[in-house]
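**Student:** start38.cif is the file, holding mmCIF, C-alpha atoms:
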```cif
data_model
loop_
_atom_site.group_PDB
_atom_site.id
_atom_site.type_symbol
_atom_site.label_atom_id
_atom_site.label_comp_id
_atom_site.auth_asym_id
_atom_site.auth_seq_id
_atom_site.Cartn_x
_atom_site.Cartn_y
_atom_site.Cartn_z
ATOM 1 C CA MET A 1 0.000 0.000 0.000
ATOM 2 C CA THR A 2 1.341 3.411 -1.000
ATOM 3 C CA THR A 3 1.054 6.116 1.655
ATOM 4 C CA THR A 4 0.799 9.716 0.476
ATOM 5 C CA LEU A 5 0.769 13.093 2.233
ATOM 6 C CA ILE A 6 -0.719 16.110 0.477
ATOM 7 C CA THR A 7 -0.247 19.556 1.993
ATOM 8 C CA GLY A 8 -3.058 22.105 1.783
ATOM 9 C CA ALA A 9 -5.459 19.302 0.928
ATOM 10 C CA ASN A 10 -8.691 20.197 2.709
ATOM 11 C CA LYS A 11 -9.992 21.873 -0.489
ATOM 12 C CA GLY A 12 -9.221 22.601 -4.127
ATOM 13 C CA LEU A 13 -6.555 20.765 -6.075
ATOM 14 C CA GLY A 14 -5.185 19.084 -2.968
ATOM 15 C CA PHE A 15 -8.574 17.653 -2.057
ATOM 16 C CA GLU A 16 -9.249 16.419 -5.583
ATOM 17 C CA THR A 17 -5.753 14.911 -5.794
ATOM 18 C CA ALA A 18 -6.472 13.062 -2.564
ATOM 19 C CA ARG A 19 -9.777 11.781 -3.944
ATOM 20 C CA GLN A 20 -8.174 10.461 -7.121
ATOM 21 C CA LEU A 21 -5.229 8.858 -5.332
ATOM 22 C CA ILE A 22 -7.510 7.121 -2.842
ATOM 23 C CA ALA A 23 -9.461 5.743 -5.814
ATOM 24 C CA ALA A 24 -6.114 4.478 -7.159
ATOM 25 C CA GLY A 25 -5.432 2.610 -3.922
ATOM 26 C CA HIS A 26 -3.287 5.072 -1.941
ATOM 27 C CA THR A 27 -3.593 5.686 1.771
ATOM 28 C CA VAL A 28 -3.744 9.478 1.918
ATOM 29 C CA TYR A 29 -3.016 12.012 4.635
ATOM 30 C CA ILE A 30 -4.879 15.293 4.259
ATOM 31 C CA GLY A 31 -2.468 17.960 5.490
ATOM 32 C CA SER A 32 -4.354 21.034 6.709
ATOM 33 C CA ARG A 33 -3.453 24.008 8.897
ATOM 34 C CA ASP A 34 -7.057 24.046 10.169
ATOM 35 C CA ALA A 35 -7.661 20.917 12.231
ATOM 36 C CA GLU A 36 -11.452 20.853 11.850
ATOM 37 C CA ARG A 37 -11.452 21.482 8.111
ATOM 38 C CA GLY A 38 -8.822 18.815 7.695
ATOM 39 C CA ARG A 39 -10.812 16.357 9.779
ATOM 40 C CA LEU A 40 -14.004 16.967 7.804
ATOM 41 C CA ALA A 41 -12.215 16.707 4.460
ATOM 42 C CA ALA A 42 -10.493 13.473 5.471
ATOM 43 C CA ALA A 43 -13.727 11.978 6.784
ATOM 44 C CA SER A 44 -15.538 12.747 3.519
ATOM 45 C CA LEU A 45 -12.872 10.922 1.499
ATOM 46 C CA GLY A 46 -11.862 8.083 3.779
ATOM 47 C CA ALA A 47 -8.461 9.675 4.265
ATOM 48 C CA ARG A 48 -6.391 10.433 7.359
ATOM 49 C CA ALA A 49 -6.078 13.962 8.722
ATOM 50 C CA VAL A 50 -2.857 15.520 9.961
ATOM 51 C CA LEU A 51 -2.498 19.045 11.326
ATOM 52 C CA LEU A 52 0.144 20.724 9.196
ATOM 53 C CA ASP A 53 0.949 24.403 8.764
ATOM 54 C CA VAL A 54 3.795 24.547 6.251
ATOM 55 C CA THR A 55 4.920 27.948 7.578
ATOM 56 C CA ASP A 56 5.490 26.647 11.108
ATOM 57 C CA ASN A 57 8.525 24.509 11.953
ATOM 58 C CA ALA A 58 6.949 22.966 15.050
ATOM 59 C CA SER A 59 3.781 22.039 13.163
ATOM 60 C CA VAL A 60 5.765 20.402 10.364
ATOM 61 C CA ALA A 61 7.929 18.457 12.840
ATOM 62 C CA ALA A 62 4.858 17.244 14.739
ATOM 63 C CA ALA A 63 3.214 16.107 11.508
ATOM 64 C CA ALA A 64 6.314 14.144 10.529
ATOM 65 C CA LYS A 65 6.332 12.392 13.907
ATOM 66 C CA ALA A 66 2.633 11.571 13.596
ATOM 67 C CA VAL A 67 3.029 10.062 10.124
ATOM 68 C CA GLU A 68 6.118 8.133 11.193
ATOM 69 C CA ALA A 69 4.259 6.690 14.184
ATOM 70 C CA GLU A 70 1.554 5.368 11.872
ATOM 71 C CA GLY A 71 3.945 3.609 9.515
ATOM 72 C CA GLY A 72 5.860 5.975 7.232
ATOM 73 C CA LEU A 73 5.517 7.728 3.886
ATOM 74 C CA ASP A 74 6.045 6.938 0.208
ATOM 75 C CA VAL A 75 4.767 10.012 -1.618
ATOM 76 C CA LEU A 76 4.832 13.696 -0.667
ATOM 77 C CA VAL A 77 2.790 16.247 -2.623
ATOM 78 C CA ASN A 78 3.786 19.825 -1.790
ATOM 79 C CA ASN A 79 0.514 21.413 -2.831
ATOM 80 C CA ALA A 80 -0.018 24.184 -0.255
ATOM 81 C CA GLY A 81 0.288 27.564 -1.925
ATOM 82 C CA ILE A 82 -0.906 31.166 -1.872
ATOM 83 C CA GLU A 83 -1.022 33.899 -4.486
ATOM 84 C CA LEU A 84 -2.364 37.051 -2.750
ATOM 85 C CA ARG A 85 -4.783 39.143 -4.788
ATOM 86 C CA ASP A 86 -6.491 42.402 -3.847
ATOM 87 C CA GLU A 87 -10.219 43.061 -3.562
ATOM 88 C CA ALA A 88 -10.401 43.555 -7.321
ATOM 89 C CA ASN A 89 -8.899 40.060 -7.796
ATOM 90 C CA ALA A 90 -5.649 41.537 -9.106
ATOM 91 C CA ALA A 91 -2.120 40.408 -8.242
ATOM 92 C CA SER A 92 0.445 43.035 -7.240
ATOM 93 C CA GLY A 93 2.497 44.219 -10.184
ATOM 94 C CA ALA A 94 6.024 45.582 -10.098
ATOM 95 C CA ALA A 95 4.857 49.023 -8.969
ATOM 96 C CA GLU A 96 2.839 47.685 -6.033
ATOM 97 C CA VAL A 97 4.674 44.616 -4.744
ATOM 98 C CA THR A 98 6.538 44.919 -1.455
ATOM 99 C CA GLY A 99 9.212 42.919 0.279
ATOM 100 C CA ASP A 100 6.714 41.930 2.963
ATOM 101 C CA GLU A 101 4.329 40.521 0.358
ATOM 102 C CA MET A 102 7.137 38.598 -1.290
ATOM 103 C CA ARG A 103 8.192 37.183 2.067
ATOM 104 C CA THR A 104 4.642 36.028 2.839
ATOM 105 C CA VAL A 105 4.233 34.273 -0.517
ATOM 106 C CA PHE A 106 7.674 32.682 -0.420
ATOM 107 C CA ASP A 107 7.131 31.456 3.146
ATOM 108 C CA THR A 108 4.327 29.185 1.955
ATOM 109 C CA ASN A 109 5.227 28.442 -1.660
ATOM 110 C CA VAL A 110 8.978 27.952 -1.333
ATOM 111 C CA PHE A 111 10.140 27.784 2.277
ATOM 112 C CA GLY A 112 7.057 25.742 3.183
ATOM 113 C CA ALA A 113 7.853 23.131 0.552
ATOM 114 C CA VAL A 114 11.456 22.991 1.747
ATOM 115 C CA ARG A 115 10.403 22.700 5.417
ATOM 116 C CA VAL A 116 8.061 19.834 4.690
ATOM 117 C CA THR A 117 10.403 18.000 2.326
ATOM 118 C CA HIS A 118 13.279 18.301 4.798
ATOM 119 C CA ALA A 119 11.154 16.995 7.674
ATOM 120 C CA PHE A 120 9.822 14.016 5.729
ATOM 121 C CA LEU A 121 13.057 13.063 3.933
ATOM 122 C CA PRO A 122 14.000 10.419 6.545
ATOM 123 C CA LEU A 123 10.635 8.699 5.989
ATOM 124 C CA LEU A 124 10.788 8.980 2.205
ATOM 125 C CA ARG A 125 14.299 7.522 2.105
ATOM 126 C CA ARG A 126 13.008 4.401 3.867
ATOM 127 C CA SER A 127 10.383 3.857 1.172
ATOM 128 C CA PRO A 128 11.117 1.402 -1.664
ATOM 129 C CA ALA A 129 9.655 3.856 -4.205
ATOM 130 C CA PRO A 130 9.692 7.421 -2.834
ATOM 131 C CA VAL A 131 8.182 10.310 -4.781
ATOM 132 C CA VAL A 132 7.948 14.070 -4.264
ATOM 133 C CA VAL A 133 5.642 16.229 -6.369
ATOM 134 C CA ASN A 134 5.987 20.014 -6.130
ATOM 135 C CA VAL A 135 2.897 21.819 -7.414
ATOM 136 C CA SER A 136 4.325 24.671 -9.445
ATOM 137 C CA SER A 137 2.906 26.826 -12.248
ATOM 138 C CA ALA A 138 3.688 27.774 -15.839
ATOM 139 C CA LEU A 139 4.057 31.277 -14.393
ATOM 140 C CA GLY A 140 7.286 29.970 -12.885
ATOM 141 C CA SER A 141 8.612 29.134 -16.360
ATOM 142 C CA MET A 142 10.970 31.805 -17.675
ATOM 143 C CA ALA A 143 10.307 30.546 -21.206
ATOM 144 C CA ARG A 144 6.539 30.876 -20.857
ATOM 145 C CA VAL A 145 6.544 34.248 -19.070
ATOM 146 C CA THR A 146 8.868 35.806 -21.662
ATOM 147 C CA ALA A 147 6.857 34.555 -24.663
ATOM 148 C CA ALA A 148 5.104 37.710 -25.898
ATOM 149 C CA GLY A 149 1.418 37.395 -26.701
ATOM 150 C CA THR A 150 0.748 34.526 -24.287
ATOM 151 C CA PRO A 151 -1.396 34.524 -21.112
ATOM 152 C CA ALA A 152 1.716 33.918 -18.995
ATOM 153 C CA TYR A 153 3.440 36.949 -20.540
ATOM 154 C CA ALA A 154 0.399 39.094 -19.744
ATOM 155 C CA TYR A 155 0.254 38.137 -16.068
ATOM 156 C CA PRO A 156 1.323 41.257 -14.122
ATOM 157 C CA GLY A 157 2.056 39.766 -10.706
ATOM 158 C CA VAL A 158 5.558 39.414 -9.275
ATOM 159 C CA SER A 159 5.404 37.414 -6.035
ATOM 160 C CA TYR A 160 3.631 34.287 -7.272
ATOM 161 C CA PRO A 161 5.678 33.692 -10.469
ATOM 162 C CA ALA A 162 8.915 34.397 -8.584
ATOM 163 C CA SER A 163 7.969 31.888 -5.900
ATOM 164 C CA LYS A 164 7.167 29.190 -8.448
ATOM 165 C CA ALA A 165 10.423 29.826 -10.336
ATOM 166 C CA ALA A 166 12.238 29.378 -7.019
ATOM 167 C CA LEU A 167 10.277 26.189 -6.323
ATOM 168 C CA ASN A 168 11.356 24.851 -9.708
ATOM 169 C CA MET A 169 15.006 25.395 -8.776
ATOM 170 C CA VAL A 170 14.420 23.685 -5.428
ATOM 171 C CA THR A 171 12.960 20.746 -7.365
ATOM 172 C CA VAL A 172 16.010 20.419 -9.610
ATOM 173 C CA GLN A 173 18.533 20.692 -6.783
ATOM 174 C CA PHE A 174 16.732 18.179 -4.558
ATOM 175 C CA ALA A 175 16.390 15.756 -7.471
ATOM 176 C CA LYS A 176 20.143 15.885 -8.069
ATOM 177 C CA ALA A 177 20.881 15.461 -4.381
ATOM 178 C CA PHE A 178 18.555 12.482 -3.913
ATOM 179 C CA PRO A 179 18.651 10.344 -7.078
ATOM 180 C CA GLY A 180 16.785 7.550 -5.311
ATOM 181 C CA ILE A 181 13.680 9.731 -5.008
ATOM 182 C CA ARG A 182 11.558 10.749 -8.008
ATOM 183 C CA ILE A 183 11.223 14.533 -7.502
ATOM 184 C CA ASN A 184 9.352 16.603 -10.068
ATOM 185 C CA ALA A 185 7.450 19.881 -10.439
ATOM 186 C CA VAL A 186 4.055 20.022 -12.133
ATOM 187 C CA GLU A 187 1.896 22.660 -13.798
ATOM 188 C CA PRO A 188 -1.783 21.831 -13.185
ATOM 189 C CA GLY A 189 -3.018 24.460 -15.648
ATOM 190 C CA TYR A 190 -5.256 27.458 -15.021
ATOM 191 C CA THR A 191 -7.751 25.746 -12.757
ATOM 192 C CA ALA A 192 -10.777 27.307 -11.050
ATOM 193 C CA THR A 193 -9.783 27.381 -7.364
ATOM 194 C CA ASP A 194 -9.936 29.719 -4.366
ATOM 195 C CA LEU A 195 -6.343 30.696 -5.185
ATOM 196 C CA ASN A 196 -7.440 32.665 -8.257
ATOM 197 C CA GLY A 197 -10.997 33.536 -7.274
ATOM 198 C CA HIS A 198 -12.309 30.650 -9.402
ATOM 199 C CA THR A 199 -11.354 32.464 -12.607
ATOM 200 C CA GLY A 200 -9.567 29.511 -14.194
ATOM 201 C CA PRO A 201 -11.353 27.829 -17.155
ATOM 202 C CA GLN A 202 -10.192 24.342 -16.213
ATOM 203 C CA SER A 203 -11.967 22.028 -13.760
ATOM 204 C CA ILE A 204 -10.483 20.780 -10.513
ATOM 205 C CA GLU A 205 -10.615 17.235 -11.874
ATOM 206 C CA GLN A 206 -8.597 18.231 -14.934
ATOM 207 C CA GLY A 207 -6.063 20.197 -12.915
ATOM 208 C CA ALA A 208 -5.410 17.363 -10.491
ATOM 209 C CA GLY A 209 -4.690 14.904 -13.279
ATOM 210 C CA ILE A 210 -0.993 15.707 -13.744
ATOM 211 C CA ILE A 211 -0.416 15.816 -9.974
ATOM 212 C CA VAL A 212 -1.912 12.347 -9.633
ATOM 213 C CA ARG A 213 0.048 11.021 -12.607
ATOM 214 C CA MET A 214 3.371 12.218 -11.202
ATOM 215 C CA ALA A 215 2.490 11.047 -7.679
ATOM 216 C CA ARG A 216 2.225 7.554 -9.175
ATOM 217 C CA THR A 217 5.664 7.730 -10.830
ATOM 218 C CA GLY A 218 7.614 4.496 -10.473
ATOM 219 C CA PRO A 219 11.325 4.033 -9.650
ATOM 220 C CA ASP A 220 12.179 4.157 -13.367
ATOM 221 C CA GLY A 221 10.183 7.333 -13.952
ATOM 222 C CA PRO A 222 11.509 10.842 -14.597
ATOM 223 C CA THR A 223 13.061 13.031 -11.930
ATOM 224 C CA GLY A 224 14.177 16.655 -11.837
ATOM 225 C CA GLY A 225 11.599 17.620 -14.464
ATOM 226 C CA PHE A 226 8.704 20.023 -14.933
ATOM 227 C CA PHE A 227 5.520 18.574 -16.416
ATOM 228 C CA GLU A 228 1.981 19.469 -17.464
ATOM 229 C CA ALA A 229 -0.749 17.240 -18.902
ATOM 230 C CA ALA A 230 0.648 17.594 -22.430
ATOM 231 C CA GLY A 231 4.244 16.805 -21.456
ATOM 232 C CA PRO A 232 7.390 18.636 -20.298
ATOM 233 C CA VAL A 233 7.215 22.368 -19.535
ATOM 234 C CA PRO A 234 10.208 24.515 -20.587
ATOM 235 C CA TRP A 235 12.097 26.061 -17.699
#
```
Go through the file and emit its structure as structure tokens.
**Tutor:**
Amino acid sequence: MTTTLITGANKGLGFETARQLIAAGHTVYIGSRDAERGRLAAASLGARAVLLDVTDNASVAAAAKAVEAEGGLDVLVNNAGIELRDEANAASGAAEVTGDEMRTVFDTNVFGAVRVTHAFLPLLRRSPAPVVVNVSSALGSMARVTAAGTPAYAYPGVSYPASKAALNMVTVQFAKAFPGIRINAVEPGYTATDLNGHTGPQSIEQGAGIIVRMARTGPDGPTGGFFEAAGPVPW
């Protein structure tokens, strides 16, 4: 039985990823910073709940101990993420973004993924087929964001794309450091979630597909890559 932890999984892409992986036979931990929401989400899916705030070292350490006590971990999905938009549903552009905003976004999207991966590495390294999936974005692709005339080029925000570009680098460096673990970044596509005010044209089910596919990567599968449903994403 494959055991999987998904951060930020009480709703949205994380929740749908959990649903699909449970259907595929995984035992899934719903990581949530809100204990009650996590409990309710887990109960509705037949999953296990674990209190996990990716921005808090003590919370991450406690979650790792809890999962270890129940048997270990095979797959980690770093899904928790924030974007920060204003009341008009707009992301801060270069003229508005501040260091404090950048710090807040990076603390969840980058440092959070590193905190969680670091804490769960001992468990993953004991697994016969360990996998890490970092939920990134095409907005973190330098190639996509610099391609004039595309939706990614038109996106004005700074914090979110910068955080996902940093997460992509984290993915590559961890993959090189731990060749026994399949570690990849994924681009779910512009999916209608709370993150973007449900403006994405793609369904949750569609968006979760690539996360699920990469979570099921075998020992001979790719590592250190960046993938979307159609295939590799350029860096």
**Student:** Closest to Arg85 of chain A among A:Ala66, A:Met214, A:Ala148, A:Val105, using all atoms listed in the file?
**Tutor:**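 The shortest atom-to-atom distance to Arg85 of chain A comes from A:Val105.
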**Student:** Could the centre and edge lengths of an axis-aligned box, enclosing all atoms of segment 33-44 of chain A in the file with 6 Å extra on each side, be given in Å to one decimal as JSON?
**Tutor:**
```
{"center_x": -9.5, "center_y": 18.0, "center_z": 7.9, "size_x": 24.1, "size_y": 24.1, "size_z": 20.7}
```
**Student:** Smallest atom-to-atom distance to Phe111 of chain A: which of A:Gly180, A:Gly31, A:Pro128, A:Gly81, using all atoms listed in the file?
**Tutor:**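 With all atoms listed in the file as the atom set, the closest residue is A:Gly81.
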**Student:** Using all atoms listed in the file, which residue out of A:Leu167, A:Val131, A:Ala9, A:Leu84 lies closest to Leu52 of chain A?
**Tutor:** A:Ala9
**Student:** Can you list, as a short mmCIF file (atom, residue, chain, number, x, y, z; two decimals) with C-alpha atoms, keeping the file's coordinate frame, the residues that the PyMOL selection byres ((chain A and resi 24) around 12) selects here?
**Tutor:**
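Output below, filename selection-v7.cif:
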```
data_model
loop_
_atom_site.label_atom_id
_atom_site.label_comp_id
_atom_site.auth_asym_id
_atom_site.auth_seq_id
_atom_site.Cartn_x
_atom_site.Cartn_y
_atom_site.Cartn_z
CA MET A 1 0.00 0.00 0.00
CA THR A 2 1.34 3.41 -1.00
CA THR A 3 1.05 6.12 1.66
CA THR A 4 0.80 9.72 0.48
CA THR A 17 -5.75 14.91 -5.79
CA ALA A 18 -6.47 13.06 -2.56
CA ARG A 19 -9.78 11.78 -3.94
CA GLN A 20 -8.17 10.46 -7.12
CA LEU A 21 -5.23 8.86 -5.33
CA ILE A 22 -7.51 7.12 -2.84
CA ALA A 23 -9.46 5.74 -5.81
CA GLY A 25 -5.43 2.61 -3.92
CA HIS A 26 -3.29 5.07 -1.94
CA THR A 27 -3.59 5.69 1.77
CA VAL A 28 -3.74 9.48 1.92
CA VAL A 212 -1.91 12.35 -9.63
CA ARG A 213 0.05 11.02 -12.61
CA ALA A 215 2.49 11.05 -7.68
CA ARG A 216 2.22 7.55 -9.18
#
```
**Student:** Suppose a student applies the PyMOL selection byres ((chain A and resi 184) around 9) to this structure; what residues should they get, written as a list in words?
**Tutor:**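 Applying the PyMOL selection byres ((chain A and resi 184) around 9) to the structure shown produces Val131, Val132, Val133, Asn134, Val135, Asn168, Thr171, Val172, Ala175, Arg182, Ile183, Ala185, Val186, Met214, Pro222, Thr223, Gly224, Gly225, Phe226 and Phe227 of chain A.
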**Student:** Just checking: using only C-alpha atoms, which residue out of A:Ala64, A:Ala91, A:Ala49, A:Ala41 ends up closest to His118 of chain A?
**Tutor:**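 Smallest separation from His118 of chain A among the options: A:Ala64.
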**Student:** Could you expand the PyMOL selection byres ((chain A and resi 95-100) around 12) into the explicit residues it covers here, written as a ChimeraX atom specification?
**Tutor:** /A:84-86,90-94,101-107,156-160,162
**Student:** I'd like to know which of A:Val145, A:Ser203, A:Lys11, A:Leu5 is closest to Leu124 of chain A, using all atoms listed in the file.
**Tutor:** A:Leu5
**Student:** Using all atoms listed in the file, can you tell me which of A:Asn57, A:Gln206, A:Thr150, A:Thr117 comes closest to Val170 of chain A?
**Tutor:** A:Thr117
**Student:** Kindly reconstruct segment 115-126 of chain A with all heavy atoms and present the result as a PDB file, in the frame of the given file.
**Tutor:**
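In the end it all went to rebuild_29.pdb:
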```pdb
ATOM      1  N   ARG A 115      10.601  23.171   4.042  1.00  0.00           N
ATOM      2  CA  ARG A 115      10.403  22.700   5.417  1.00  0.00           C
ATOM      3  C   ARG A 115       9.817  21.286   5.449  1.00  0.00           C
ATOM      4  O   ARG A 115      10.295  20.409   6.169  1.00  0.00           O
ATOM      5  CB  ARG A 115       9.424  23.614   6.162  1.00  0.00           C
ATOM      6  CG  ARG A 115       9.977  24.902   6.678  1.00  0.00           C
ATOM      7  CD  ARG A 115       8.948  25.613   7.563  1.00  0.00           C
ATOM      8  NE  ARG A 115       9.361  26.986   7.777  1.00  0.00           N
ATOM      9  CZ  ARG A 115       8.924  28.023   7.067  1.00  0.00           C
ATOM     10  NH1 ARG A 115       8.026  27.834   6.115  1.00  0.00           N
ATOM     11  NH2 ARG A 115       9.364  29.245   7.320  1.00  0.00           N
ATOM     12  N   VAL A 116       8.759  21.121   4.675  1.00  0.00           N
ATOM     13  CA  VAL A 116       8.061  19.834   4.690  1.00  0.00           C
ATOM     14  C   VAL A 116       8.925  18.732   4.086  1.00  0.00           C
ATOM     15  O   VAL A 116       9.039  17.634   4.641  1.00  0.00           O
ATOM     16  CB  VAL A 116       6.712  19.944   3.945  1.00  0.00           C
ATOM     17  CG1 VAL A 116       6.042  18.575   3.843  1.00  0.00           C
ATOM     18  CG2 VAL A 116       5.788  20.923   4.668  1.00  0.00           C
ATOM     19  N   THR A 117       9.546  19.011   2.954  1.00  0.00           N
ATOM     20  CA  THR A 117      10.403  18.000   2.326  1.00  0.00           C
ATOM     21  C   THR A 117      11.545  17.602   3.256  1.00  0.00           C
ATOM     22  O   THR A 117      11.840  16.410   3.422  1.00  0.00           O
ATOM     23  CB  THR A 117      10.960  18.525   0.996  1.00  0.00           C
ATOM     24  OG1 THR A 117       9.875  18.914   0.140  1.00  0.00           O
ATOM     25  CG2 THR A 117      11.784  17.454   0.293  1.00  0.00           C
ATOM     26  N   HIS A 118      12.181  18.582   3.870  1.00  0.00           N
ATOM     27  CA  HIS A 118      13.279  18.301   4.798  1.00  0.00           C
ATOM     28  C   HIS A 118      12.814  17.430   5.957  1.00  0.00           C
ATOM     29  O   HIS A 118      13.488  16.456   6.328  1.00  0.00           O
ATOM     30  CB  HIS A 118      13.849  19.614   5.328  1.00  0.00           C
ATOM     31  CG  HIS A 118      14.947  19.437   6.332  1.00  0.00           C
ATOM     32  ND1 HIS A 118      16.236  19.125   5.970  1.00  0.00           N
ATOM     33  CD2 HIS A 118      14.938  19.496   7.693  1.00  0.00           C
ATOM     34  CE1 HIS A 118      16.979  19.003   7.064  1.00  0.00           C
ATOM     35  NE2 HIS A 118      16.220  19.239   8.120  1.00  0.00           N
ATOM     36  N   ALA A 119      11.659  17.743   6.516  1.00  0.00           N
ATOM     37  CA  ALA A 119      11.154  16.995   7.674  1.00  0.00           C
ATOM     38  C   ALA A 119      10.782  15.561   7.323  1.00  0.00           C
ATOM     39  O   ALA A 119      10.953  14.653   8.150  1.00  0.00           O
ATOM     40  CB  ALA A 119       9.941  17.714   8.268  1.00  0.00           C
ATOM     41  N   PHE A 120      10.288  15.352   6.108  1.00  0.00           N
ATOM     42  CA  PHE A 120       9.822  14.016   5.729  1.00  0.00           C
ATOM     43  C   PHE A 120      10.866  13.210   4.949  1.00  0.00           C
ATOM     44  O   PHE A 120      10.619  12.039   4.618  1.00  0.00           O
ATOM     45  CB  PHE A 120       8.525  14.118   4.926  1.00  0.00           C
ATOM     46  CG  PHE A 120       7.319  14.394   5.781  1.00  0.00           C
ATOM     47  CD1 PHE A 120       6.945  15.688   6.072  1.00  0.00           C
ATOM     48  CD2 PHE A 120       6.587  13.351   6.326  1.00  0.00           C
ATOM     49  CE1 PHE A 120       5.854  15.965   6.882  1.00  0.00           C
ATOM     50  CE2 PHE A 120       5.495  13.604   7.136  1.00  0.00           C
ATOM     51  CZ  PHE A 120       5.117  14.912   7.423  1.00  0.00           C
ATOM     52  N   LEU A 121      12.019  13.800   4.662  1.00  0.00           N
ATOM     53  CA  LEU A 121      13.057  13.063   3.933  1.00  0.00           C
ATOM     54  C   LEU A 121      13.446  11.738   4.595  1.00  0.00           C
ATOM     55  O   LEU A 121      13.597  10.719   3.903  1.00  0.00           O
ATOM     56  CB  LEU A 121      14.308  13.934   3.763  1.00  0.00           C
ATOM     57  CG  LEU A 121      14.419  14.721   2.464  1.00  0.00           C
ATOM     58  CD1 LEU A 121      15.632  15.637   2.512  1.00  0.00           C
ATOM     59  CD2 LEU A 121      14.513  13.777   1.258  1.00  0.00           C
ATOM     60  N   PRO A 122      13.635  11.707   5.934  1.00  0.00           N
ATOM     61  CA  PRO A 122      14.000  10.419   6.545  1.00  0.00           C
ATOM     62  C   PRO A 122      12.962   9.325   6.276  1.00  0.00           C
ATOM     63  O   PRO A 122      13.336   8.158   6.063  1.00  0.00           O
ATOM     64  CB  PRO A 122      14.072  10.755   8.039  1.00  0.00           C
ATOM     65  CG  PRO A 122      14.410  12.209   8.072  1.00  0.00           C
ATOM     66  CD  PRO A 122      13.647  12.801   6.925  1.00  0.00           C
ATOM     67  N   LEU A 123      11.681   9.690   6.259  1.00  0.00           N
ATOM     68  CA  LEU A 123      10.635   8.699   5.989  1.00  0.00           C
ATOM     69  C   LEU A 123      10.643   8.303   4.521  1.00  0.00           C
ATOM     70  O   LEU A 123      10.524   7.115   4.178  1.00  0.00           O
ATOM     71  CB  LEU A 123       9.261   9.258   6.362  1.00  0.00           C
ATOM     72  CG  LEU A 123       9.059   9.740   7.793  1.00  0.00           C
ATOM     73  CD1 LEU A 123       7.587  10.081   8.035  1.00  0.00           C
ATOM     74  CD2 LEU A 123       9.514   8.690   8.799  1.00  0.00           C
ATOM     75  N   LEU A 124      10.773   9.275   3.632  1.00  0.00           N
ATOM     76  CA  LEU A 124      10.788   8.980   2.205  1.00  0.00           C
ATOM     77  C   LEU A 124      11.962   8.082   1.829  1.00  0.00           C
ATOM     78  O   LEU A 124      11.821   7.173   0.996  1.00  0.00           O
ATOM     79  CB  LEU A 124      10.854  10.285   1.404  1.00  0.00           C
ATOM     80  CG  LEU A 124       9.597  11.150   1.435  1.00  0.00           C
ATOM     81  CD1 LEU A 124       9.894  12.546   0.903  1.00  0.00           C
ATOM     82  CD2 LEU A 124       8.475  10.503   0.636  1.00  0.00           C
ATOM     83  N   ARG A 125      13.111   8.302   2.450  1.00  0.00           N
ATOM     84  CA  ARG A 125      14.299   7.522   2.105  1.00  0.00           C
ATOM     85  C   ARG A 125      14.202   6.069   2.580  1.00  0.00           C
ATOM     86  O   ARG A 125      14.974   5.219   2.132  1.00  0.00           O
ATOM     87  CB  ARG A 125      15.551   8.198   2.656  1.00  0.00           C
ATOM     88  CG  ARG A 125      15.777   9.578   2.027  1.00  0.00           C
ATOM     89  CD  ARG A 125      16.973  10.306   2.583  1.00  0.00           C
ATOM     90  NE  ARG A 125      18.210   9.835   1.978  1.00  0.00           N
ATOM     91  CZ  ARG A 125      19.407  10.316   2.266  1.00  0.00           C
ATOM     92  NH1 ARG A 125      19.528  11.281   3.172  1.00  0.00           N
ATOM     93  NH2 ARG A 125      20.478   9.851   1.671  1.00  0.00           N
ATOM     94  N   ARG A 126      13.252   5.788   3.444  1.00  0.00           N
ATOM     95  CA  ARG A 126      13.008   4.401   3.867  1.00  0.00           C
ATOM     96  C   ARG A 126      12.040   3.681   2.937  1.00  0.00           C
ATOM     97  O   ARG A 126      11.876   2.473   3.006  1.00  0.00           O
ATOM     98  CB  ARG A 126      12.434   4.379   5.289  1.00  0.00           C
ATOM     99  CG  ARG A 126      13.378   4.882   6.365  1.00  0.00           C
ATOM    100  CD  ARG A 126      12.663   4.930   7.711  1.00  0.00           C
ATOM    101  NE  ARG A 126      13.319   5.868   8.624  1.00  0.00           N
ATOM    102  CZ  ARG A 126      12.752   6.384   9.704  1.00  0.00           C
ATOM    103  NH1 ARG A 126      11.492   6.048  10.003  1.00  0.00           N
ATOM    104  NH2 ARG A 126      13.412   7.217  10.486  1.00  0.00           N
TER     105      ARG A 126
END
```
